[in-house]
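What follows is a short report on a single structure.
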Amino acid sequence: MRSANRPMLSLFDFTMIVIGLVIGMGIFRTASDSARAAITPTVFFAAWLFGGVIALCGALTYAEIGSRYPVTGGYYRIFAKAYHPSVAFAINCIILISNAASLAAVALIGSEYLSETIFAKPPSDLMKSLIAMGSILLFYFVNLMGLRMSSKTQNILMSVKIGMILLLITALFFPEHHHTPSVVAEALPVAYTWTDYITSFGGALVAVCFTYGGYQQTINFGDEIRDPRRNLPRGIFIGIMVIIALYLAVSFSYYKVIGFEELKTSKGIAAIVAERIFGPVGRYIFSLLLFFAVLAYVNVILLSNPRVMFAMSEDGILPAIFRKKDEKKDVLTVSLTVYALLSIGILFFLDTFDKILSFTIFLDCIGMAFSAATIFILRKRMKGEDDSQIYKMRLYPLMPILFIAAYVFVAFSIAYDKPATAVTALAVLAAFVGIYFATGKRPLKG
């Protein structure tokens, strides 16, 4: 029952939450991966625009799910509400692994930028992985001591990230620093088939989906927004439009300053743009700022995900040992340790950003498709009930169908390009289903 005095989120508050959930560190790296998969600039920019449309469809879908099922931790609890307990157990476990892989990927982004400032020559993939592992271990011990990152620091971090994005966009206003296309390259057009375009578009979407991720957490705010039927869709629409505009502008800045072909192979692309505009000192400062932003992201993920494991343990989806806590320091020692080791293990076995990206997004595709599909189940179960206070999306069922179809397409694109990665991810999912039946886990509380 909602309390009359309960603080509610305004339209502005919720819009900022949407933007904050999506804008992470990916935009400082993934444009290079997307360009490498894209056969033409048109495919490259179409992927970024389409990714934004899919994010909008997904965010509105999750917003209605959250409005219909307003519970704490809704994103992981919704699976138990809609599916067999074995499915809930398996998918929630792979979501944790996917989050750990995302943490590893972002740590690698930071290590790439830091490497630019401390090594005269490009370091090996192993060295980058060791730096990333070091950042995870550093904040593992910080969290183990019971320290917390304040909301003020997080606000500063968000301001720094927005500032760096705006700085990259300003490069568009310095044409003297823009890349000059090769006349030879332009004189040799290549004829592509429709199969080439579809395959390329799917490959480009993998990196784009990683960068647009985060909006699924809107599922947790459906019951905490003032006038949700009006403000929830408006906040999502405004937030996603701002994100699309920023991402397209930054991608266009990379394209103009670095050049499309060079963007495919360049490392530390944001630092390259900063150097073109402000010189070597600008590149050095930008790289350090981005590395520290990554460290803060690592800290936040290490703070939040062990708490998810704690909640899953309370519901019986994970063993009771994951509830072990240092009461004096208020630290979830076992969950924190396991999660940190999981992230480091992923870095050890998948030592490059490209490998981690494909593995993460394939797992995400499974989680996203299954979670978004719960809207059909919830609507059917609640048919005939009073839904006057529930947000209902327009263009239903087109939006969730488009969203699910897009993630199925991305999953098939990964399987086509990297079948071993897809097989590994599916094996992990199957293993968790087997673990459920082997250990006799009881269901989550729906």
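Scheme for the structure tokens: letters A, B, ... for chains in order shown; per-chain residue numbers from 1; ligand numbers from 1 in order shown.
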
Residue neighbourhood A:Gly202, 9 Å, only C-alpha atoms, exclusion window fewer than 3 positions, as a list in words: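 Result of the neighbour search: Ala37, Ala38, Ala47, Tyr197, Ile198, Thr199, Leu205, Val206, Phe409, Val410, Ala411, Phe412, Ser413 and Ile414 of chain A.
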
Surrounding residues of stretch 12-19 of chain A excluding itself and chain neighbours under 3 positions, 8 Å, only C-alpha atoms, as a VMD selection string: chain A and resid 9 22 to 23 215 218 225 232 235 to 236 238 to 240 242 to 243

Please write the residues from the selection above to a file, keeping C-alpha atoms, as an mmCIF file, in the first residue's frame.
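New file part_36.cif:
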data_model
loop_
_atom_site.group_PDB
_atom_site.id
_atom_site.type_symbol
_atom_site.label_atom_id
_atom_site.label_comp_id
_atom_site.auth_asym_id
_atom_site.auth_seq_id
_atom_site.Cartn_x
_atom_site.Cartn_y
_atom_site.Cartn_z
ATOM 1 C CA LEU A 9 9.887 11.275 -8.019
ATOM 2 C CA VAL A 22 22.094 4.542 -19.500
ATOM 3 C CA ILE A 23 25.086 6.840 -19.895
ATOM 4 C CA TYR A 215 17.207 1.354 -19.044
ATOM 5 C CA THR A 218 13.166 1.539 -14.970
ATOM 6 C CA ILE A 225 6.760 8.406 -9.651
ATOM 7 C CA LEU A 232 6.621 7.930 -16.560
ATOM 8 C CA GLY A 235 10.443 10.989 -18.494
ATOM 9 C CA ILE A 236 11.520 7.934 -20.472
ATOM 10 C CA ILE A 238 12.765 12.788 -22.885
ATOM 11 C CA GLY A 239 15.617 10.846 -21.298
ATOM 12 C CA ILE A 240 16.094 8.448 -24.211
ATOM 13 C CA VAL A 242 18.605 13.179 -24.895
ATOM 14 C CA ILE A 243 20.744 10.028 -24.842
#

Surrounding residues of A:Gly134 excluding itself and chain neighbours under 2 positions, 12 Å, only C-alpha atoms, as number ranges by chain: A: 104, 107-108, 110-111, 127-132, 136-141, 295, 298, 340-341, 343-344, 347

Write the residues you've just listed into a file as a short mmCIF file (atom, residue, chain, number, x, y, z; two decimals), in the first residue's frame, and include C-alpha atoms for each of them.
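File selection-v5.cif, as written:
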data_model
loop_
_atom_site.label_atom_id
_atom_site.label_comp_id
_atom_site.auth_asym_id
_atom_site.auth_seq_id
_atom_site.Cartn_x
_atom_site.Cartn_y
_atom_site.Cartn_z
CA ALA A 104 35.17 -6.51 -16.44
CA ALA A 107 37.51 -2.03 -16.22
CA LEU A 108 39.26 -2.92 -19.48
CA GLY A 110 39.78 2.16 -18.10
CA SER A 111 42.96 0.12 -18.41
CA MET A 127 48.95 -6.27 -19.26
CA LYS A 128 45.64 -4.47 -19.85
CA SER A 129 43.81 -7.33 -18.14
CA LEU A 130 46.18 -7.17 -15.16
CA ILE A 131 45.55 -3.43 -14.78
CA ALA A 132 41.79 -4.05 -14.95
CA ILE A 136 38.72 -4.52 -9.26
CA LEU A 137 40.91 -5.83 -6.42
CA LEU A 138 41.56 -2.29 -5.18
CA PHE A 139 37.87 -1.54 -4.74
CA TYR A 140 37.18 -5.02 -3.44
CA PHE A 141 39.42 -4.25 -0.46
CA LEU A 295 37.20 3.24 -10.94
CA VAL A 298 33.76 -0.40 -10.54
CA ALA A 340 34.87 -9.83 -7.28
CA LEU A 341 36.39 -13.24 -8.07
CA SER A 343 34.66 -10.51 -12.45
CA ILE A 344 38.38 -11.30 -12.27
CA LEU A 347 38.92 -11.10 -17.26
#

Run DSSP on the backbone and grab whatever in stretch 146-386 of chain A lands in alpha helix (DSSP H); send it over as a PDB file with C-alpha atoms, in the first residue's frame.
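Wrote it out as part_9.pdb, contents follow:
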ATOM      1  CA  SER A 151      25.835  10.305  -3.507  1.00  0.00           C
ATOM      2  CA  LYS A 152      27.737  13.577  -3.823  1.00  0.00           C
ATOM      3  CA  THR A 153      30.685  11.748  -5.361  1.00  0.00           C
ATOM      4  CA  GLN A 154      28.327   9.973  -7.741  1.00  0.00           C
ATOM      5  CA  ASN A 155      26.813  13.297  -8.802  1.00  0.00           C
ATOM      6  CA  ILE A 156      30.313  14.648  -9.436  1.00  0.00           C
ATOM      7  CA  LEU A 157      31.119  11.531 -11.467  1.00  0.00           C
ATOM      8  CA  MET A 158      27.986  11.995 -13.579  1.00  0.00           C
ATOM      9  CA  SER A 159      28.900  15.640 -14.137  1.00  0.00           C
ATOM     10  CA  VAL A 160      32.405  14.620 -15.220  1.00  0.00           C
ATOM     11  CA  LYS A 161      31.028  12.073 -17.680  1.00  0.00           C
ATOM     12  CA  ILE A 162      28.558  14.551 -19.181  1.00  0.00           C
ATOM     13  CA  GLY A 163      31.343  17.139 -19.343  1.00  0.00           C
ATOM     14  CA  MET A 164      33.619  14.725 -21.218  1.00  0.00           C
ATOM     15  CA  ILE A 165      30.825  13.879 -23.651  1.00  0.00           C
ATOM     16  CA  LEU A 166      30.138  17.561 -24.313  1.00  0.00           C
ATOM     17  CA  LEU A 167      33.869  18.135 -24.785  1.00  0.00           C
ATOM     18  CA  LEU A 168      33.940  15.427 -27.450  1.00  0.00           C
ATOM     19  CA  ILE A 169      30.956  17.020 -29.188  1.00  0.00           C
ATOM     20  CA  THR A 170      32.697  20.427 -29.300  1.00  0.00           C
ATOM     21  CA  VAL A 183      40.955  10.219 -52.281  1.00  0.00           C
ATOM     22  CA  VAL A 184      42.159   6.736 -53.186  1.00  0.00           C
ATOM     23  CA  ALA A 185      39.766   5.094 -50.727  1.00  0.00           C
ATOM     24  CA  GLU A 186      36.821   7.105 -52.099  1.00  0.00           C
ATOM     25  CA  TRP A 194      21.832  -7.402 -48.694  1.00  0.00           C
ATOM     26  CA  THR A 195      23.338 -10.255 -46.688  1.00  0.00           C
ATOM     27  CA  ASP A 196      26.447  -8.137 -46.112  1.00  0.00           C
ATOM     28  CA  TYR A 197      24.331  -5.222 -44.886  1.00  0.00           C
ATOM     29  CA  ILE A 198      22.233  -7.368 -42.525  1.00  0.00           C
ATOM     30  CA  THR A 199      25.283  -9.146 -41.094  1.00  0.00           C
ATOM     31  CA  SER A 200      27.118  -5.844 -40.681  1.00  0.00           C
ATOM     32  CA  PHE A 201      24.118  -4.157 -39.061  1.00  0.00           C
ATOM     33  CA  GLY A 202      23.742  -7.008 -36.571  1.00  0.00           C
ATOM     34  CA  GLY A 203      27.441  -6.875 -35.689  1.00  0.00           C
ATOM     35  CA  ALA A 204      27.319  -3.109 -35.164  1.00  0.00           C
ATOM     36  CA  LEU A 205      24.277  -3.469 -32.899  1.00  0.00           C
ATOM     37  CA  VAL A 206      26.210  -5.668 -30.448  1.00  0.00           C
ATOM     38  CA  ALA A 207      28.383  -2.763 -29.282  1.00  0.00           C
ATOM     39  CA  VAL A 208      25.476  -0.321 -29.522  1.00  0.00           C
ATOM     40  CA  CYS A 209      23.263  -2.462 -27.254  1.00  0.00           C
ATOM     41  CA  PHE A 210      26.024  -2.550 -24.640  1.00  0.00           C
ATOM     42  CA  THR A 211      26.266   1.247 -24.714  1.00  0.00           C
ATOM     43  CA  TYR A 212      22.503   1.810 -24.457  1.00  0.00           C
ATOM     44  CA  PRO A 228       3.022   7.831 -13.307  1.00  0.00           C
ATOM     45  CA  ARG A 229       0.525   7.530 -16.156  1.00  0.00           C
ATOM     46  CA  ARG A 230       1.670  10.947 -17.373  1.00  0.00           C
ATOM     47  CA  ASN A 231       5.221  11.427 -16.095  1.00  0.00           C
ATOM     48  CA  LEU A 232       6.621   7.930 -16.560  1.00  0.00           C
ATOM     49  CA  PRO A 233       6.381   7.811 -20.378  1.00  0.00           C
ATOM     50  CA  ARG A 234       7.359  11.480 -20.657  1.00  0.00           C
ATOM     51  CA  GLY A 235      10.443  10.989 -18.494  1.00  0.00           C
ATOM     52  CA  ILE A 236      11.520   7.934 -20.472  1.00  0.00           C
ATOM     53  CA  PHE A 237      10.878   9.612 -23.818  1.00  0.00           C
ATOM     54  CA  ILE A 238      12.765  12.788 -22.885  1.00  0.00           C
ATOM     55  CA  GLY A 239      15.617  10.846 -21.298  1.00  0.00           C
ATOM     56  CA  ILE A 240      16.094   8.448 -24.211  1.00  0.00           C
ATOM     57  CA  MET A 241      15.857  11.302 -26.756  1.00  0.00           C
ATOM     58  CA  VAL A 242      18.605  13.179 -24.895  1.00  0.00           C
ATOM     59  CA  ILE A 243      20.744  10.028 -24.842  1.00  0.00           C
ATOM     60  CA  ILE A 244      20.190   9.344 -28.561  1.00  0.00           C
ATOM     61  CA  ALA A 245      21.154  12.935 -29.387  1.00  0.00           C
ATOM     62  CA  LEU A 246      24.307  12.747 -27.250  1.00  0.00           C
ATOM     63  CA  TYR A 247      25.378   9.346 -28.589  1.00  0.00           C
ATOM     64  CA  LEU A 248      24.792  10.319 -32.230  1.00  0.00           C
ATOM     65  CA  ALA A 249      26.656  13.600 -31.726  1.00  0.00           C
ATOM     66  CA  VAL A 250      29.641  11.880 -30.074  1.00  0.00           C
ATOM     67  CA  SER A 251      29.713   9.175 -32.751  1.00  0.00           C
ATOM     68  CA  PHE A 252      29.608  11.851 -35.455  1.00  0.00           C
ATOM     69  CA  SER A 253      32.464  13.639 -33.701  1.00  0.00           C
ATOM     70  CA  TYR A 254      34.540  10.445 -33.762  1.00  0.00           C
ATOM     71  CA  TYR A 255      33.662  10.025 -37.438  1.00  0.00           C
ATOM     72  CA  LYS A 256      34.649  13.583 -38.371  1.00  0.00           C
ATOM     73  CA  VAL A 257      37.813  13.861 -36.284  1.00  0.00           C
ATOM     74  CA  ILE A 258      39.259  10.352 -36.566  1.00  0.00           C
ATOM     75  CA  PHE A 260      35.593   6.093 -40.404  1.00  0.00           C
ATOM     76  CA  GLU A 261      38.306   3.656 -41.480  1.00  0.00           C
ATOM     77  CA  GLU A 262      40.727   4.817 -38.786  1.00  0.00           C
ATOM     78  CA  LEU A 263      37.945   4.591 -36.183  1.00  0.00           C
ATOM     79  CA  LYS A 264      37.727   0.851 -36.852  1.00  0.00           C
ATOM     80  CA  THR A 265      41.264   0.233 -35.582  1.00  0.00           C
ATOM     81  CA  ILE A 269      39.236   7.071 -29.338  1.00  0.00           C
ATOM     82  CA  ALA A 270      37.997   9.700 -26.879  1.00  0.00           C
ATOM     83  CA  ALA A 271      41.581  10.572 -25.942  1.00  0.00           C
ATOM     84  CA  ILE A 272      42.471  10.893 -29.633  1.00  0.00           C
ATOM     85  CA  VAL A 273      39.731  13.485 -30.113  1.00  0.00           C
ATOM     86  CA  ALA A 274      40.878  15.354 -26.998  1.00  0.00           C
ATOM     87  CA  GLU A 275      44.453  15.392 -28.334  1.00  0.00           C
ATOM     88  CA  ARG A 276      43.383  16.738 -31.731  1.00  0.00           C
ATOM     89  CA  ILE A 277      41.652  19.665 -30.032  1.00  0.00           C
ATOM     90  CA  PHE A 278      43.809  20.358 -26.960  1.00  0.00           C
ATOM     91  CA  GLY A 279      47.126  18.664 -27.772  1.00  0.00           C
ATOM     92  CA  PRO A 280      49.039  15.958 -25.858  1.00  0.00           C
ATOM     93  CA  VAL A 281      48.220  17.500 -22.471  1.00  0.00           C
ATOM     94  CA  GLY A 282      44.506  17.317 -23.262  1.00  0.00           C
ATOM     95  CA  ARG A 283      44.855  13.649 -24.155  1.00  0.00           C
ATOM     96  CA  TYR A 284      46.731  12.911 -20.926  1.00  0.00           C
ATOM     97  CA  ILE A 285      44.183  14.703 -18.710  1.00  0.00           C
ATOM     98  CA  PHE A 286      41.210  13.149 -20.519  1.00  0.00           C
ATOM     99  CA  SER A 287      42.664   9.647 -20.161  1.00  0.00           C
ATOM    100  CA  LEU A 288      43.234  10.089 -16.427  1.00  0.00           C
ATOM    101  CA  LEU A 289      39.755  11.523 -15.867  1.00  0.00           C
ATOM    102  CA  LEU A 290      38.185   8.617 -17.705  1.00  0.00           C
ATOM    103  CA  PHE A 291      40.197   6.067 -15.749  1.00  0.00           C
ATOM    104  CA  PHE A 292      39.071   7.571 -12.446  1.00  0.00           C
ATOM    105  CA  ALA A 293      35.479   7.579 -13.698  1.00  0.00           C
ATOM    106  CA  VAL A 294      35.887   3.875 -14.456  1.00  0.00           C
ATOM    107  CA  LEU A 295      37.204   3.242 -10.941  1.00  0.00           C
ATOM    108  CA  ALA A 296      34.106   4.855  -9.475  1.00  0.00           C
ATOM    109  CA  TYR A 297      31.903   2.709 -11.729  1.00  0.00           C
ATOM    110  CA  VAL A 298      33.757  -0.396 -10.536  1.00  0.00           C
ATOM    111  CA  ASN A 299      33.097   0.643  -6.959  1.00  0.00           C
ATOM    112  CA  VAL A 300      29.362   1.170  -7.549  1.00  0.00           C
ATOM    113  CA  ILE A 301      28.943  -2.215  -9.230  1.00  0.00           C
ATOM    114  CA  LEU A 302      30.818  -3.919  -6.379  1.00  0.00           C
ATOM    115  CA  LEU A 303      28.489  -2.145  -3.965  1.00  0.00           C
ATOM    116  CA  SER A 304      25.227  -3.054  -5.683  1.00  0.00           C
ATOM    117  CA  ASN A 305      25.514  -6.574  -7.109  1.00  0.00           C
ATOM    118  CA  PRO A 306      26.533  -8.354  -3.883  1.00  0.00           C
ATOM    119  CA  ARG A 307      23.326  -6.925  -2.426  1.00  0.00           C
ATOM    120  CA  VAL A 308      21.396  -8.567  -5.238  1.00  0.00           C
ATOM    121  CA  MET A 309      23.103 -11.839  -4.335  1.00  0.00           C
ATOM    122  CA  PHE A 310      22.100 -11.240  -0.696  1.00  0.00           C
ATOM    123  CA  ALA A 311      18.462 -10.732  -1.713  1.00  0.00           C
ATOM    124  CA  MET A 312      18.573 -13.836  -3.909  1.00  0.00           C
ATOM    125  CA  SER A 313      19.926 -15.771  -0.934  1.00  0.00           C
ATOM    126  CA  GLU A 314      17.081 -14.476   1.254  1.00  0.00           C
ATOM    127  CA  THR A 333      31.777 -10.559   2.847  1.00  0.00           C
ATOM    128  CA  VAL A 334      30.930 -13.759   0.952  1.00  0.00           C
ATOM    129  CA  SER A 335      28.793 -12.142  -1.762  1.00  0.00           C
ATOM    130  CA  LEU A 336      31.364  -9.389  -2.291  1.00  0.00           C
ATOM    131  CA  THR A 337      34.251 -11.862  -2.492  1.00  0.00           C
ATOM    132  CA  VAL A 338      32.471 -14.208  -4.887  1.00  0.00           C
ATOM    133  CA  TYR A 339      31.378 -11.353  -7.127  1.00  0.00           C
ATOM    134  CA  ALA A 340      34.869  -9.831  -7.284  1.00  0.00           C
ATOM    135  CA  LEU A 341      36.388 -13.240  -8.069  1.00  0.00           C
ATOM    136  CA  LEU A 342      33.750 -13.805 -10.747  1.00  0.00           C
ATOM    137  CA  SER A 343      34.655 -10.512 -12.455  1.00  0.00           C
ATOM    138  CA  ILE A 344      38.381 -11.296 -12.265  1.00  0.00           C
ATOM    139  CA  GLY A 345      37.767 -14.814 -13.587  1.00  0.00           C
ATOM    140  CA  ILE A 346      35.967 -13.421 -16.623  1.00  0.00           C
ATOM    141  CA  LEU A 347      38.922 -11.100 -17.264  1.00  0.00           C
ATOM    142  CA  PHE A 348      41.283 -14.058 -17.005  1.00  0.00           C
ATOM    143  CA  PHE A 349      39.446 -16.245 -19.508  1.00  0.00           C
ATOM    144  CA  PHE A 353      37.095  -6.233 -24.656  1.00  0.00           C
ATOM    145  CA  ASP A 354      35.704  -7.773 -27.850  1.00  0.00           C
ATOM    146  CA  LYS A 355      35.401 -11.245 -26.289  1.00  0.00           C
ATOM    147  CA  ILE A 356      33.803  -9.923 -23.106  1.00  0.00           C
ATOM    148  CA  LEU A 357      31.433  -7.697 -25.084  1.00  0.00           C
ATOM    149  CA  SER A 358      30.044 -10.575 -27.160  1.00  0.00           C
ATOM    150  CA  PHE A 359      29.684 -12.833 -24.102  1.00  0.00           C
ATOM    151  CA  THR A 360      27.959 -10.086 -22.089  1.00  0.00           C
ATOM    152  CA  ILE A 361      25.513  -9.078 -24.783  1.00  0.00           C
ATOM    153  CA  PHE A 362      24.566 -12.668 -25.620  1.00  0.00           C
ATOM    154  CA  LEU A 363      23.673 -13.256 -21.963  1.00  0.00           C
ATOM    155  CA  ASP A 364      21.857  -9.919 -21.924  1.00  0.00           C
ATOM    156  CA  CYS A 365      19.852 -10.936 -24.991  1.00  0.00           C
ATOM    157  CA  ILE A 366      18.519 -13.951 -23.079  1.00  0.00           C
ATOM    158  CA  GLY A 367      17.681 -11.912 -19.982  1.00  0.00           C
ATOM    159  CA  MET A 368      16.159  -9.009 -21.941  1.00  0.00           C
ATOM    160  CA  ALA A 369      13.967 -11.177 -24.158  1.00  0.00           C
ATOM    161  CA  PHE A 370      12.637 -13.241 -21.236  1.00  0.00           C
ATOM    162  CA  SER A 371      12.082 -10.246 -18.954  1.00  0.00           C
ATOM    163  CA  ALA A 372      10.328  -8.126 -21.596  1.00  0.00           C
ATOM    164  CA  ALA A 373       8.071 -11.069 -22.510  1.00  0.00           C
ATOM    165  CA  THR A 374       6.637 -11.000 -18.990  1.00  0.00           C
ATOM    166  CA  ILE A 375       4.498  -8.024 -20.058  1.00  0.00           C
ATOM    167  CA  PHE A 376       2.288 -10.409 -22.066  1.00  0.00           C
ATOM    168  CA  ILE A 377       1.932 -12.718 -19.065  1.00  0.00           C
ATOM    169  CA  LEU A 378       1.169  -9.886 -16.623  1.00  0.00           C
ATOM    170  CA  ARG A 379      -1.413  -8.306 -18.919  1.00  0.00           C
ATOM    171  CA  LYS A 380      -3.170 -11.646 -19.319  1.00  0.00           C
ATOM    172  CA  ARG A 381      -3.178 -12.404 -15.582  1.00  0.00           C
TER     173      ARG A 381
END

A:Lys121, A:Ala55, A:Arg226, A:Pro41 ranked by distance to A:Ser10, top pick (using only C-alpha atoms):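 Result for the nearest residue to A:Ser10: A:Arg226.
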
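Nearest residue to A:Ser124, choosing from A:Phe45, A:Asp351, A:Asp330, A:Gly24 and counting only C-alpha atoms: A:Asp351.
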
Of the listed residues A:Leu350, A:Cys57, A:Met25, A:Met8, that which approaches A:Leu402 most closely, counting only C-alpha atoms: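 Closest to A:Leu402 of all the choices is A:Cys57.
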
Å distance separating atom CA of A:Val142 from atom CA of A:Leu332, one decimal place: 12.7 Å

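In this comparison, which uses only C-alpha atoms, the residue of A:Ala406, A:Phe437, A:Ile219, A:Met133 approaching A:Arg77 most closely is A:Ile219.
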
Distance in Å - atom CA of A:Thr352 versus atom CA of A:Asp125: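 Taking atom CA of A:Thr352 and atom CA of A:Asp125, their separation equals 6.4 Å.
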